[in-house]
file my_file_18.cif (mmCIF, C-alpha atoms)
data_protein
loop_
_atom_site.group_PDB
_atom_site.id
_atom_site.type_symbol
_atom_site.label_atom_id
_atom_site.label_comp_id
_atom_site.auth_asym_id
_atom_site.auth_seq_id
_atom_site.Cartn_x
_atom_site.Cartn_y
_atom_site.Cartn_z
ATOM 1 C CA MET Z 90 0.000 0.000 0.000
ATOM 2 C CA GLU Z 91 2.809 2.397 0.887
ATOM 3 C CA LEU Z 92 4.525 1.627 -2.443
ATOM 4 C CA ILE Z 93 1.340 2.545 -4.333
ATOM 5 C CA ILE Z 94 0.982 5.824 -2.409
ATOM 6 C CA ILE Z 95 4.624 6.754 -3.041
ATOM 7 C CA SER Z 96 4.267 5.898 -6.753
ATOM 8 C CA LEU Z 97 1.123 8.025 -7.028
ATOM 9 C CA PHE Z 98 2.862 10.872 -5.204
ATOM 10 C CA PHE Z 99 5.886 10.878 -7.516
ATOM 11 C CA GLY Z 100 3.621 10.438 -10.553
ATOM 12 C CA ALA Z 101 1.620 13.496 -9.505
ATOM 13 C CA ILE Z 102 4.818 15.507 -9.066
ATOM 14 C CA LEU Z 103 6.060 14.425 -12.492
ATOM 15 C CA ALA Z 104 2.732 15.299 -14.078
ATOM 16 C CA MET Z 105 2.802 18.764 -12.448
ATOM 17 C CA ILE Z 106 6.339 19.345 -13.721
ATOM 18 C CA ILE Z 107 5.360 18.343 -17.261
ATOM 19 C CA TRP Z 108 2.199 20.472 -17.134
ATOM 20 C CA ASN Z 109 4.029 23.548 -15.843
ATOM 21 C CA THR Z 110 6.762 23.105 -18.467
ATOM 22 C CA TYR Z 111 4.105 22.888 -21.144
ATOM 23 C CA ARG Z 112 2.419 26.030 -19.807
ATOM 24 C CA VAL Z 113 5.738 27.910 -19.830
ATOM 25 C CA PHE Z 114 6.229 27.221 -23.542
ATOM 26 C CA ALA Z 115 2.528 27.450 -24.453
ATOM 27 C CA LEU Z 116 2.264 31.034 -23.181
ATOM 28 C CA VAL Z 117 5.057 32.191 -25.517
ATOM 29 C CA PRO Z 118 3.509 34.001 -28.525
ATOM 30 C CA VAL Z 119 4.370 32.738 -31.999
ATOM 31 C CA GLN Z 120 6.620 35.139 -33.911
ATOM 32 C CA ASP Z 121 5.568 36.200 -37.393
ATOM 33 C CA ARG Z 122 8.563 35.228 -39.544
ATOM 34 C CA SER Z 123 6.910 35.558 -42.944
ATOM 35 C CA TYR Z 124 9.242 38.454 -43.820
ATOM 36 C CA LEU Z 125 12.296 37.060 -42.027
ATOM 37 C CA ASP Z 126 14.973 34.578 -43.021
ATOM 38 C CA ARG Z 127 15.613 31.228 -41.410
ATOM 39 C CA PRO Z 128 17.769 31.464 -38.271
ATOM 40 C CA PRO Z 129 21.138 29.679 -38.139
ATOM 41 C CA MET Z 130 21.279 25.961 -37.398
ATOM 42 C CA GLY Z 131 22.213 26.254 -33.735
ATOM 43 C CA TYR Z 132 19.332 28.618 -33.075
ATOM 44 C CA ARG Z 133 16.885 26.447 -35.010
ATOM 45 C CA LEU Z 134 17.715 23.455 -32.800
ATOM 46 C CA THR Z 135 16.969 25.449 -29.634
ATOM 47 C CA TRP Z 136 14.304 27.776 -31.034
ATOM 48 C CA PRO Z 137 11.601 27.053 -28.394
ATOM 49 C CA LEU Z 138 14.113 27.801 -25.620
ATOM 50 C CA VAL Z 139 15.218 30.997 -27.397
ATOM 51 C CA ASN Z 140 11.656 32.273 -27.777
ATOM 52 C CA ALA Z 141 10.827 31.384 -24.166
ATOM 53 C CA PHE Z 142 13.878 33.261 -22.880
ATOM 54 C CA VAL Z 143 13.037 36.316 -25.003
ATOM 55 C CA HIS Z 144 9.413 36.291 -23.816
ATOM 56 C CA TYR Z 145 10.196 36.070 -20.105
ATOM 57 C CA PHE Z 146 13.561 37.836 -19.804
ATOM 58 C CA GLY Z 147 13.893 39.944 -22.975
ATOM 59 C CA ALA Z 148 12.747 43.102 -21.195
ATOM 60 C CA LEU Z 149 15.835 42.942 -18.939
ATOM 61 C CA ILE Z 150 18.205 43.575 -21.860
ATOM 62 C CA THR Z 151 19.325 47.187 -21.983
ATOM 63 C CA LYS Z 152 18.584 49.504 -24.875
ATOM 64 C CA ASN Z 153 22.272 50.241 -25.482
ATOM 65 C CA TYR Z 154 23.039 46.521 -25.827
ATOM 66 C CA ARG Z 155 20.179 46.124 -28.287
ATOM 67 C CA ILE Z 156 21.446 48.963 -30.491
ATOM 68 C CA VAL Z 157 25.049 47.735 -30.504
ATOM 69 C CA THR Z 158 24.043 44.120 -31.127
ATOM 70 C CA LEU Z 159 21.679 45.107 -33.940
ATOM 71 C CA LEU Z 160 24.527 46.955 -35.692
ATOM 72 C CA ARG Z 161 26.773 43.898 -35.332
ATOM 73 C CA LEU Z 162 24.079 41.575 -36.665
ATOM 74 C CA ARG Z 163 23.497 43.949 -39.579
ATOM 75 C CA LYS Z 164 27.181 43.928 -40.492
ATOM 76 C CA ALA Z 165 27.095 40.121 -40.451
ATOM 77 C CA GLY Z 166 23.934 40.032 -42.607
ATOM 78 C CA LEU Z 167 21.921 38.417 -39.802
ATOM 79 C CA ASP Z 168 19.561 41.263 -38.910
ATOM 80 C CA TYR Z 169 16.713 39.520 -40.775
ATOM 81 C CA MET Z 170 17.490 36.222 -39.024
ATOM 82 C CA LEU Z 171 17.933 37.172 -35.383
ATOM 83 C CA SER Z 172 16.944 40.003 -33.094
ATOM 84 C CA PRO Z 173 19.327 41.256 -30.392
ATOM 85 C CA GLU Z 174 17.185 39.564 -27.732
ATOM 86 C CA GLN Z 175 17.303 36.237 -29.576
ATOM 87 C CA TYR Z 176 21.060 36.535 -30.047
ATOM 88 C CA PHE Z 177 21.570 37.104 -26.309
ATOM 89 C CA ALA Z 178 19.233 34.199 -25.537
ATOM 90 C CA GLY Z 179 21.428 31.996 -27.715
ATOM 91 C CA LYS Z 180 24.467 33.035 -25.666
ATOM 92 C CA VAL Z 181 22.776 32.093 -22.397
ATOM 93 C CA ILE Z 182 21.502 28.755 -23.748
ATOM 94 C CA ALA Z 183 24.921 27.933 -25.220
ATOM 95 C CA SER Z 184 26.577 28.619 -21.855
ATOM 96 C CA VAL Z 185 24.132 26.268 -20.097
ATOM 97 C CA PHE Z 186 24.598 23.503 -22.684
ATOM 98 C CA PHE Z 187 28.401 23.822 -22.686
ATOM 99 C CA SER Z 188 28.560 23.701 -18.879
ATOM 100 C CA LEU Z 189 26.218 20.669 -18.684
ATOM 101 C CA PHE Z 190 28.218 18.828 -21.339
ATOM 102 C CA THR Z 191 31.473 19.582 -19.521
ATOM 103 C CA PHE Z 192 29.998 18.473 -16.191
ATOM 104 C CA LEU Z 193 28.684 15.188 -17.615
ATOM 105 C CA PHE Z 194 31.953 14.502 -19.418
ATOM 106 C CA LEU Z 195 33.977 15.083 -16.241
ATOM 107 C CA ASN Z 196 31.532 12.955 -14.275
ATOM 108 C CA MET Z 197 32.054 10.073 -16.722
ATOM 109 C CA LEU Z 198 35.811 10.420 -16.236
ATOM 110 C CA GLY Z 199 35.400 10.463 -12.461
ATOM 111 C CA SER Z 200 36.869 13.947 -12.108
ATOM 112 C CA ASP Z 201 35.578 16.697 -9.839
ATOM 113 C CA ALA Z 202 37.383 19.618 -11.481
ATOM 114 C CA TRP Z 203 34.598 22.185 -11.048
ATOM 115 C CA TYR Z 204 36.696 24.976 -12.582
ATOM 116 C CA ILE Z 205 36.582 23.183 -15.960
ATOM 117 C CA THR Z 206 32.776 23.298 -15.764
ATOM 118 C CA LEU Z 207 33.074 27.015 -15.040
ATOM 119 C CA LEU Z 208 35.311 27.380 -18.090
ATOM 120 C CA GLY Z 209 32.658 25.568 -20.147
ATOM 121 C CA LEU Z 210 30.042 28.021 -18.835
ATOM 122 C CA VAL Z 211 32.128 31.054 -19.810
ATOM 123 C CA GLY Z 212 33.232 29.516 -23.128
ATOM 124 C CA GLY Z 213 29.656 28.696 -24.088
ATOM 125 C CA PHE Z 214 28.574 32.262 -23.348
ATOM 126 C CA PHE Z 215 31.281 33.752 -25.572
ATOM 127 C CA TYR Z 216 31.090 31.144 -28.350
ATOM 128 C CA PRO Z 217 28.321 33.062 -30.249
ATOM 129 C CA GLU Z 218 30.606 36.111 -30.171
ATOM 130 C CA LEU Z 219 33.316 34.177 -32.012
ATOM 131 C CA TRP Z 220 30.731 32.780 -34.419
ATOM 132 C CA LEU Z 221 29.370 36.259 -35.171
ATOM 133 C CA ARG Z 222 32.867 37.654 -35.742
ATOM 134 C CA GLU Z 223 33.751 34.815 -38.100
ATOM 135 C CA ALA Z 224 30.473 35.250 -40.008
ATOM 136 C CA THR Z 225 31.168 38.976 -40.416
ATOM 137 C CA GLU Z 226 34.724 38.407 -41.653
ATOM 138 C CA GLN Z 227 33.644 35.691 -44.079
ATOM 139 C CA ARG Z 228 30.875 37.921 -45.432
ATOM 140 C CA ASN Z 229 33.270 40.842 -45.916
ATOM 141 C CA ARG Z 230 35.746 38.603 -47.752
ATOM 142 C CA CYS Z 231 33.011 37.346 -50.064
ATOM 143 C CA ILE Z 232 31.837 40.905 -50.791
ATOM 144 C CA PHE Z 233 35.382 42.067 -51.476
ATOM 145 C CA ARG Z 234 35.832 39.201 -53.931
ATOM 146 C CA GLU Z 235 32.519 39.722 -55.774
ATOM 147 C CA LEU Z 236 32.413 43.508 -55.959
ATOM 148 C CA PRO Z 237 34.587 43.967 -59.111
ATOM 149 C CA PHE Z 238 32.332 41.591 -61.068
ATOM 150 C CA TYR Z 239 29.232 43.582 -60.127
ATOM 151 C CA LEU Z 240 30.947 46.815 -61.065
ATOM 152 C CA ASP Z 241 31.853 45.396 -64.484
ATOM 153 C CA ILE Z 242 28.210 44.557 -65.212
ATOM 154 C CA ILE Z 243 27.079 48.000 -64.032
ATOM 155 C CA ILE Z 244 29.748 49.622 -66.240
ATOM 156 C CA LEU Z 245 28.561 47.710 -69.303
ATOM 157 C CA ALA Z 246 24.949 48.685 -68.615
ATOM 158 C CA VAL Z 247 25.789 52.356 -67.968
ATOM 159 C CA GLU Z 248 27.934 52.632 -71.087
ATOM 160 C CA ALA Z 249 25.079 51.051 -73.075
ATOM 161 C CA GLY Z 250 22.794 53.918 -72.039
ATOM 162 C CA THR Z 251 21.145 52.618 -68.859
ATOM 163 C CA ASN Z 252 21.110 54.597 -65.625
ATOM 164 C CA PHE Z 253 22.743 53.332 -62.430
ATOM 165 C CA THR Z 254 19.567 51.751 -61.060
ATOM 166 C CA GLY Z 255 19.047 49.821 -64.293
ATOM 167 C CA GLY Z 256 22.659 48.700 -64.307
ATOM 168 C CA LEU Z 257 22.321 47.562 -60.709
ATOM 169 C CA GLN Z 258 19.217 45.592 -61.651
ATOM 170 C CA GLN Z 259 21.110 43.908 -64.491
ATOM 171 C CA ALA Z 260 23.937 43.017 -62.112
ATOM 172 C CA VAL Z 261 21.451 41.473 -59.677
ATOM 173 C CA ASN Z 262 19.794 39.482 -62.477
ATOM 174 C CA LYS Z 263 23.068 38.124 -63.883
ATOM 175 C CA ALA Z 264 24.905 37.317 -60.661
ATOM 176 C CA THR Z 265 24.550 34.275 -58.439
ATOM 177 C CA ASN Z 266 23.110 34.453 -54.968
ATOM 178 C CA GLY Z 267 25.454 35.821 -52.337
ATOM 179 C CA PRO Z 268 25.763 38.474 -49.633
ATOM 180 C CA LEU Z 269 26.532 41.278 -52.093
ATOM 181 C CA ARG Z 270 23.582 40.364 -54.291
ATOM 182 C CA GLN Z 271 21.303 40.419 -51.248
ATOM 183 C CA GLU Z 272 22.565 43.859 -50.296
ATOM 184 C CA PHE Z 273 22.035 45.222 -53.811
ATOM 185 C CA VAL Z 274 18.517 43.749 -53.846
ATOM 186 C CA ARG Z 275 17.913 45.626 -50.626
ATOM 187 C CA VAL Z 276 19.178 48.848 -52.217
ATOM 188 C CA LEU Z 277 16.818 48.399 -55.172
ATOM 189 C CA ARG Z 278 13.935 47.683 -52.812
ATOM 190 C CA ASP Z 279 14.663 50.870 -50.857
ATOM 191 C CA VAL Z 280 14.815 52.929 -54.056
ATOM 192 C CA ARG Z 281 11.497 51.520 -55.284
ATOM 193 C CA ALA Z 282 9.962 52.313 -51.877
ATOM 194 C CA GLY Z 283 10.768 56.000 -52.403
ATOM 195 C CA LYS Z 284 14.076 56.412 -50.602
ATOM 196 C CA PRO Z 285 16.592 58.646 -52.417
ATOM 197 C CA ARG Z 286 19.289 56.665 -54.158
ATOM 198 C CA ALA Z 287 22.083 58.435 -52.272
ATOM 199 C CA ASP Z 288 20.501 57.546 -48.928
ATOM 200 C CA ALA Z 289 20.012 53.926 -50.017
ATOM 201 C CA LEU Z 290 23.680 53.730 -51.005
ATOM 202 C CA ARG Z 291 24.762 55.306 -47.707
ATOM 203 C CA ASP Z 292 22.735 52.695 -45.852
ATOM 204 C CA LEU Z 293 24.520 50.057 -47.921
ATOM 205 C CA GLY Z 294 27.888 51.428 -46.799
ATOM 206 C CA ASP Z 295 26.729 51.463 -43.161
ATOM 207 C CA ARG Z 296 25.492 47.879 -43.318
ATOM 208 C CA ILE Z 297 28.654 46.446 -44.879
ATOM 209 C CA ASP Z 298 31.125 48.922 -43.333
ATOM 210 C CA THR Z 299 34.219 47.966 -45.333
ATOM 211 C CA GLU Z 300 36.686 50.328 -46.959
ATOM 212 C CA SER Z 301 36.105 49.022 -50.481
ATOM 213 C CA VAL Z 302 32.321 49.445 -50.346
ATOM 214 C CA ARG Z 303 32.608 52.861 -48.701
ATOM 215 C CA ASN Z 304 34.919 54.061 -51.475
ATOM 216 C CA VAL Z 305 32.564 52.809 -54.187
ATOM 217 C CA VAL Z 306 29.527 54.381 -52.508
ATOM 218 C CA SER Z 307 31.237 57.735 -51.971
ATOM 219 C CA SER Z 308 32.475 57.773 -55.584
ATOM 220 C CA ILE Z 309 28.985 57.074 -56.972
ATOM 221 C CA ILE Z 310 27.366 59.735 -54.778
ATOM 222 C CA GLN Z 311 30.062 62.280 -55.669
ATOM 223 C CA ALA Z 312 29.701 61.541 -59.387
ATOM 224 C CA GLU Z 313 25.937 62.019 -59.214
ATOM 225 C CA LYS Z 314 26.312 65.301 -57.341
ATOM 226 C CA THR Z 315 28.816 66.718 -59.821
ATOM 227 C CA GLY Z 316 27.043 65.306 -62.885
ATOM 228 C CA SER Z 317 30.058 63.253 -63.966
ATOM 229 C CA SER Z 318 29.780 60.083 -66.030
ATOM 230 C CA LEU Z 319 29.539 56.963 -63.923
ATOM 231 C CA GLY Z 320 31.368 54.737 -66.409
ATOM 232 C CA PRO Z 321 34.938 56.040 -65.864
ATOM 233 C CA VAL Z 322 34.379 56.379 -62.114
ATOM 234 C CA LEU Z 323 33.199 52.803 -61.720
ATOM 235 C CA LYS Z 324 35.932 51.528 -64.037
ATOM 236 C CA ALA Z 325 38.583 53.200 -61.877
ATOM 237 C CA GLN Z 326 37.026 51.697 -58.753
ATOM 238 C CA ALA Z 327 36.936 48.212 -60.333
ATOM 239 C CA ASP Z 328 40.604 48.447 -61.338
ATOM 240 C CA GLN Z 329 41.549 49.635 -57.865
ATOM 241 C CA LEU Z 330 39.642 46.767 -56.254
ATOM 242 C CA ARG Z 331 41.345 44.201 -58.491
ATOM 243 C CA SER Z 332 44.753 45.572 -57.663
ATOM 244 C CA ALA Z 333 43.886 45.585 -53.933
ATOM 245 C CA ARG Z 334 42.674 41.994 -54.210
ATOM 246 C CA PHE Z 335 45.907 40.987 -55.938
ATOM 247 C CA GLN Z 336 47.958 42.740 -53.242
ATOM 248 C CA ARG Z 337 46.002 40.970 -50.525
ATOM 249 C CA ALA Z 338 46.651 37.617 -52.227
ATOM 250 C CA GLU Z 339 50.381 38.426 -52.384
ATOM 251 C CA LYS Z 340 50.367 39.372 -48.707
ATOM 252 C CA GLN Z 341 48.660 36.119 -47.732
ATOM 253 C CA ALA Z 342 51.149 34.153 -49.841
ATOM 254 C CA MET Z 343 54.044 35.879 -48.075
ATOM 255 C CA GLU Z 344 52.501 35.196 -44.671
ATOM 256 C CA ALA Z 345 52.033 31.493 -45.387
ATOM 257 C CA PRO Z 346 55.635 30.425 -44.502
ATOM 258 C CA VAL Z 347 55.430 32.302 -41.201
ATOM 259 C CA LYS Z 348 52.122 30.628 -40.332
ATOM 260 C CA LEU Z 349 53.544 27.210 -41.222
ATOM 261 C CA LEU Z 350 56.519 27.708 -38.909
ATOM 262 C CA GLY Z 351 54.508 26.920 -35.758
ATOM 263 C CA PRO Z 352 53.128 23.541 -36.952
ATOM 264 C CA LEU Z 353 56.559 22.642 -38.329
ATOM 265 C CA VAL Z 354 58.296 23.319 -35.020
ATOM 266 C CA MET Z 355 55.620 21.684 -32.832
ATOM 267 C CA PHE Z 356 54.645 18.629 -34.881
ATOM 268 C CA ILE Z 357 56.920 17.870 -37.846
ATOM 269 C CA PHE Z 358 60.427 18.654 -36.549
ATOM 270 C CA PRO Z 359 60.143 16.561 -33.319
ATOM 271 C CA ASN Z 360 58.945 13.508 -35.267
ATOM 272 C CA THR Z 361 61.743 13.960 -37.805
ATOM 273 C CA PHE Z 362 64.358 14.207 -35.034
ATOM 274 C CA LEU Z 363 62.975 11.112 -33.310
ATOM 275 C CA ILE Z 364 63.210 9.094 -36.526
ATOM 276 C CA ILE Z 365 66.769 10.294 -37.186
ATOM 277 C CA ILE Z 366 67.863 9.558 -33.602
ATOM 278 C CA PHE Z 367 66.260 6.106 -33.743
ATOM 279 C CA VAL Z 368 68.130 5.270 -36.961
ATOM 280 C CA ILE Z 369 71.430 6.529 -35.520
ATOM 281 C CA LEU Z 370 71.009 4.603 -32.263
ATOM 282 C CA SER Z 371 70.034 1.415 -34.100
ATOM 283 C CA SER Z 372 73.105 1.671 -36.303
ATOM 284 C CA ALA Z 373 75.313 2.393 -33.282
ATOM 285 C CA ILE Z 374 73.987 -0.593 -31.347
ATOM 286 C CA GLN Z 375 74.506 -2.923 -34.321
ATOM 287 C CA LYS Z 376 78.100 -1.732 -34.762
ATOM 288 C CA GLY Z 377 78.904 -1.937 -31.045
ATOM 289 C CA VAL Z 378 79.513 1.766 -30.662
ATOM 290 C CA MET Z 379 77.323 1.946 -27.545
ATOM 291 C CA THR Z 380 79.838 -0.259 -25.668
ATOM 292 C CA TRP Z 381 82.444 2.500 -25.729
ATOM 293 C CA PRO Z 382 83.315 3.964 -22.286
ATOM 294 C CA ILE Z 383 82.014 7.397 -23.237
ATOM 295 C CA PHE Z 384 78.455 6.013 -23.510
ATOM 296 C CA LYS Z 385 78.493 4.166 -20.149
ATOM 297 C CA PRO Z 386 76.941 7.070 -18.146
ATOM 298 C CA LEU Z 387 74.117 7.269 -20.696
ATOM 299 C CA ILE Z 388 73.480 3.504 -20.505
ATOM 300 C CA TRP Z 389 73.610 3.664 -16.692
ATOM 301 C CA ALA Z 390 71.041 6.475 -16.678
ATOM 302 C CA PHE Z 391 68.612 4.484 -18.853
ATOM 303 C CA ASN Z 392 69.058 1.408 -16.689
ATOM 304 C CA TRP Z 393 68.467 3.255 -13.388
ATOM 305 C CA PRO Z 394 66.293 0.904 -11.286
ATOM 306 C CA GLY Z 395 64.029 3.576 -9.763
#
call {"tool": "encode", "arguments": {"input": "my_file_18.cif", "output": "structure tokens"}}
result
Amino acid sequence: MELIIISLFFGAILAMIIWNTYRVFALVPVQDRSYLDRPPMGYRLTWPLVNAFVHYFGALITKNYRIVTLLRLRKAGLDYMLSPEQYFAGKVIASVFFSLFTFLFLNMLGSDAWYITLLGLVGGFFYPELWLREATEQRNRCIFRELPFYLDIIILAVEAGTNFTGGLQQAVNKATNGPLRQEFVRVLRDVRAGKPRADALRDLGDRIDTESVRNVVSSIIQAEKTGSSLGPVLKAQADQLRSARFQRAEKQAMEAPVKLLGPLVMFIFPNTFLIIIFVILSSAIQKGVMTWPIFKPLIWAFNWPG
């Protein structure tokens, strides 16, 4: 009888926990994402937890943090995927998951090193920061590589008698999907919505925030203000970008030997020395060289009983 009562008691507690957990997630409103892009993979896997955190704790995030984070997400091209509150929720959830994984892994090994769990907590919190920085750098590299091609198409369209907006539309139609194409589509959408073309281009420079794009934007705006022809201006910018891309490739090629020095010293050189020493010692043992008196201290050291 007591076993039945205890089972019913624990079953009731489990049912209450499940019901309350369901209520916590059921009260979270569904976000309208019809105009938004799909979030990254890590956020998609934990999306219910992200939305629940934003619903219950999103108001605690400061306004300054929201503004700064929104600018960072915009530079990474993620402002239509994540909000600042959702990004911060991902940091908190990642810290919890990293710390739990570290704790379980240490528990399986029989270790009680709590400071490693603390390191997992801190590392999980800052992992989205590294991911966002890498996404921004990769996006900027892709834009820097694709920009001369877009400028060439715009130059051909402008020299054929089309205005800049028409040339930009031709570049968007001919190019493959990428971050620069998405940004130019956004510029065209802003222009069609009634925003002045100069303001749309300035917003483009603010979103990407790289030197190459800023130079192109300022040159186009200056040419439109002065009434100059866009063809020579864009051609000069395309040539300058190609030469800058070639110089960057040369710089990376010159830095490659320096970057390879660390792996060579840490991994390749020790193995090479071990192989050489093994061959020399084997040859010396076969020829009886190790029986010379000069090698007796070395043999005595290797044969030390303790």
call {"tool": "atom_distance", "arguments": {"input": "my_file_18.cif", "atom1": "CA of Met130 in chain Z", "atom2": "CA of Leu210 in chain Z"}}
result
20.6 Å
call {"tool": "atom_distance", "arguments": {"input": "my_file_18.cif", "atom1": "CA of Arg155 in chain Z", "atom2": "CA of Val302 in chain Z"}}
result
25.4 Å
call {"tool": "atom_distance", "arguments": {"input": "my_file_18.cif", "atom1": "CA of Arg270 in chain Z", "atom2": "CA of Phe177 in chain Z"}}
result
28.2 Å
call {"tool": "resolve_selection", "arguments": {"input": "my_file_18.cif", "expression": "the PyMOL selection byres ((chain Z and resi 236-242) around 9)", "output": "compact mmCIF listing (two decimals) with C-alpha atoms, in the frame of the given file"}}
result
# COMPACT_ATOMS: atom_id res chain seq x y z
CA CYS Z 231 33.01 37.35 -50.06
CA ILE Z 232 31.84 40.90 -50.79
CA PHE Z 233 35.38 42.07 -51.48
CA ARG Z 234 35.83 39.20 -53.93
CA GLU Z 235 32.52 39.72 -55.77
CA ILE Z 243 27.08 48.00 -64.03
CA ILE Z 244 29.75 49.62 -66.24
CA LEU Z 245 28.56 47.71 -69.30
CA ALA Z 246 24.95 48.68 -68.61
CA VAL Z 247 25.79 52.36 -67.97
CA GLY Z 256 22.66 48.70 -64.31
CA LEU Z 257 22.32 47.56 -60.71
CA GLN Z 259 21.11 43.91 -64.49
CA ALA Z 260 23.94 43.02 -62.11
CA VAL Z 261 21.45 41.47 -59.68
CA LYS Z 263 23.07 38.12 -63.88
CA ALA Z 264 24.90 37.32 -60.66
CA LEU Z 269 26.53 41.28 -52.09
CA ARG Z 270 23.58 40.36 -54.29
CA SER Z 301 36.10 49.02 -50.48
CA VAL Z 302 32.32 49.44 -50.35
CA LEU Z 323 33.20 52.80 -61.72
CA LYS Z 324 35.93 51.53 -64.04
CA GLN Z 326 37.03 51.70 -58.75
CA ALA Z 327 36.94 48.21 -60.33
CA ASP Z 328 40.60 48.45 -61.34
CA LEU Z 330 39.64 46.77 -56.25
CA ARG Z 331 41.34 44.20 -58.49
call {"tool": "closest_residue", "arguments": {"input": "my_file_18.cif", "among": "Z:Phe335, Z:Phe187, Z:Tyr111, Z:Tyr176", "to": "Gly147 in chain Z", "atoms": "all atoms listed in the file"}}
result
Z:Tyr176
call {"tool": "residues_around", "arguments": {"input": "my_file_18.cif", "residues": "His144 in chain Z", "least_positions_apart": "6", "cutoff": "9 Å", "atoms": "all atoms listed in the file", "output": "list in words"}}
result
Leu116, Val117 and Pro118 of chain Z
call {"tool": "build_atoms", "arguments": {"input": "my_file_18.cif", "residues": "range 170-175 of chain Z", "atoms": "all heavy atoms", "output": "mmCIF file, in the coordinates of the input"}}
result
data_model
loop_
_atom_site.group_PDB
_atom_site.id
_atom_site.type_symbol
_atom_site.label_atom_id
_atom_site.label_comp_id
_atom_site.auth_asym_id
_atom_site.auth_seq_id
_atom_site.Cartn_x
_atom_site.Cartn_y
_atom_site.Cartn_z
ATOM 1 N N MET Z 170 17.556 37.578 -39.590
ATOM 2 C CA MET Z 170 17.490 36.222 -39.024
ATOM 3 C C MET Z 170 17.262 36.234 -37.522
ATOM 4 O O MET Z 170 16.475 35.458 -36.999
ATOM 5 C CB MET Z 170 18.784 35.455 -39.327
ATOM 6 C CG MET Z 170 19.041 35.182 -40.779
ATOM 7 S SD MET Z 170 20.546 34.193 -40.979
ATOM 8 C CE MET Z 170 20.657 34.129 -42.763
ATOM 9 N N LEU Z 171 17.983 37.141 -36.835
ATOM 10 C CA LEU Z 171 17.933 37.172 -35.383
ATOM 11 C C LEU Z 171 17.721 38.599 -34.904
ATOM 12 O O LEU Z 171 18.185 39.559 -35.535
ATOM 13 C CB LEU Z 171 19.244 36.638 -34.784
ATOM 14 C CG LEU Z 171 19.622 35.190 -35.074
ATOM 15 C CD1 LEU Z 171 21.027 34.917 -34.560
ATOM 16 C CD2 LEU Z 171 18.641 34.233 -34.445
ATOM 17 N N SER Z 172 17.050 38.725 -33.794
ATOM 18 C CA SER Z 172 16.944 40.003 -33.094
ATOM 19 C C SER Z 172 18.011 40.041 -32.006
ATOM 20 O O SER Z 172 18.562 38.998 -31.623
ATOM 21 C CB SER Z 172 15.551 40.158 -32.484
ATOM 22 O OG SER Z 172 15.335 39.180 -31.490
ATOM 23 N N PRO Z 173 18.333 41.215 -31.480
ATOM 24 C CA PRO Z 173 19.327 41.256 -30.392
ATOM 25 C C PRO Z 173 18.935 40.421 -29.186
ATOM 26 O O PRO Z 173 19.793 39.796 -28.554
ATOM 27 C CB PRO Z 173 19.391 42.748 -30.050
ATOM 28 C CG PRO Z 173 18.982 43.446 -31.301
ATOM 29 C CD PRO Z 173 17.964 42.565 -31.930
ATOM 30 N N GLU Z 174 17.632 40.379 -28.856
ATOM 31 C CA GLU Z 174 17.185 39.564 -27.732
ATOM 32 C C GLU Z 174 17.390 38.079 -28.014
ATOM 33 O O GLU Z 174 17.818 37.327 -27.128
ATOM 34 C CB GLU Z 174 15.712 39.838 -27.449
ATOM 35 C CG GLU Z 174 15.416 41.247 -26.966
ATOM 36 C CD GLU Z 174 15.234 42.223 -28.116
ATOM 37 O OE1 GLU Z 174 15.388 41.794 -29.275
ATOM 38 O OE2 GLU Z 174 14.946 43.400 -27.865
ATOM 39 N N GLN Z 175 17.105 37.648 -29.233
ATOM 40 C CA GLN Z 175 17.303 36.237 -29.576
ATOM 41 C C GLN Z 175 18.784 35.877 -29.599
ATOM 42 O O GLN Z 175 19.161 34.758 -29.204
ATOM 43 C CB GLN Z 175 16.662 35.952 -30.930
ATOM 44 C CG GLN Z 175 15.148 36.022 -30.916
ATOM 45 C CD GLN Z 175 14.550 36.018 -32.303
ATOM 46 O OE1 GLN Z 175 15.268 36.178 -33.304
ATOM 47 N NE2 GLN Z 175 13.241 35.833 -32.386
#
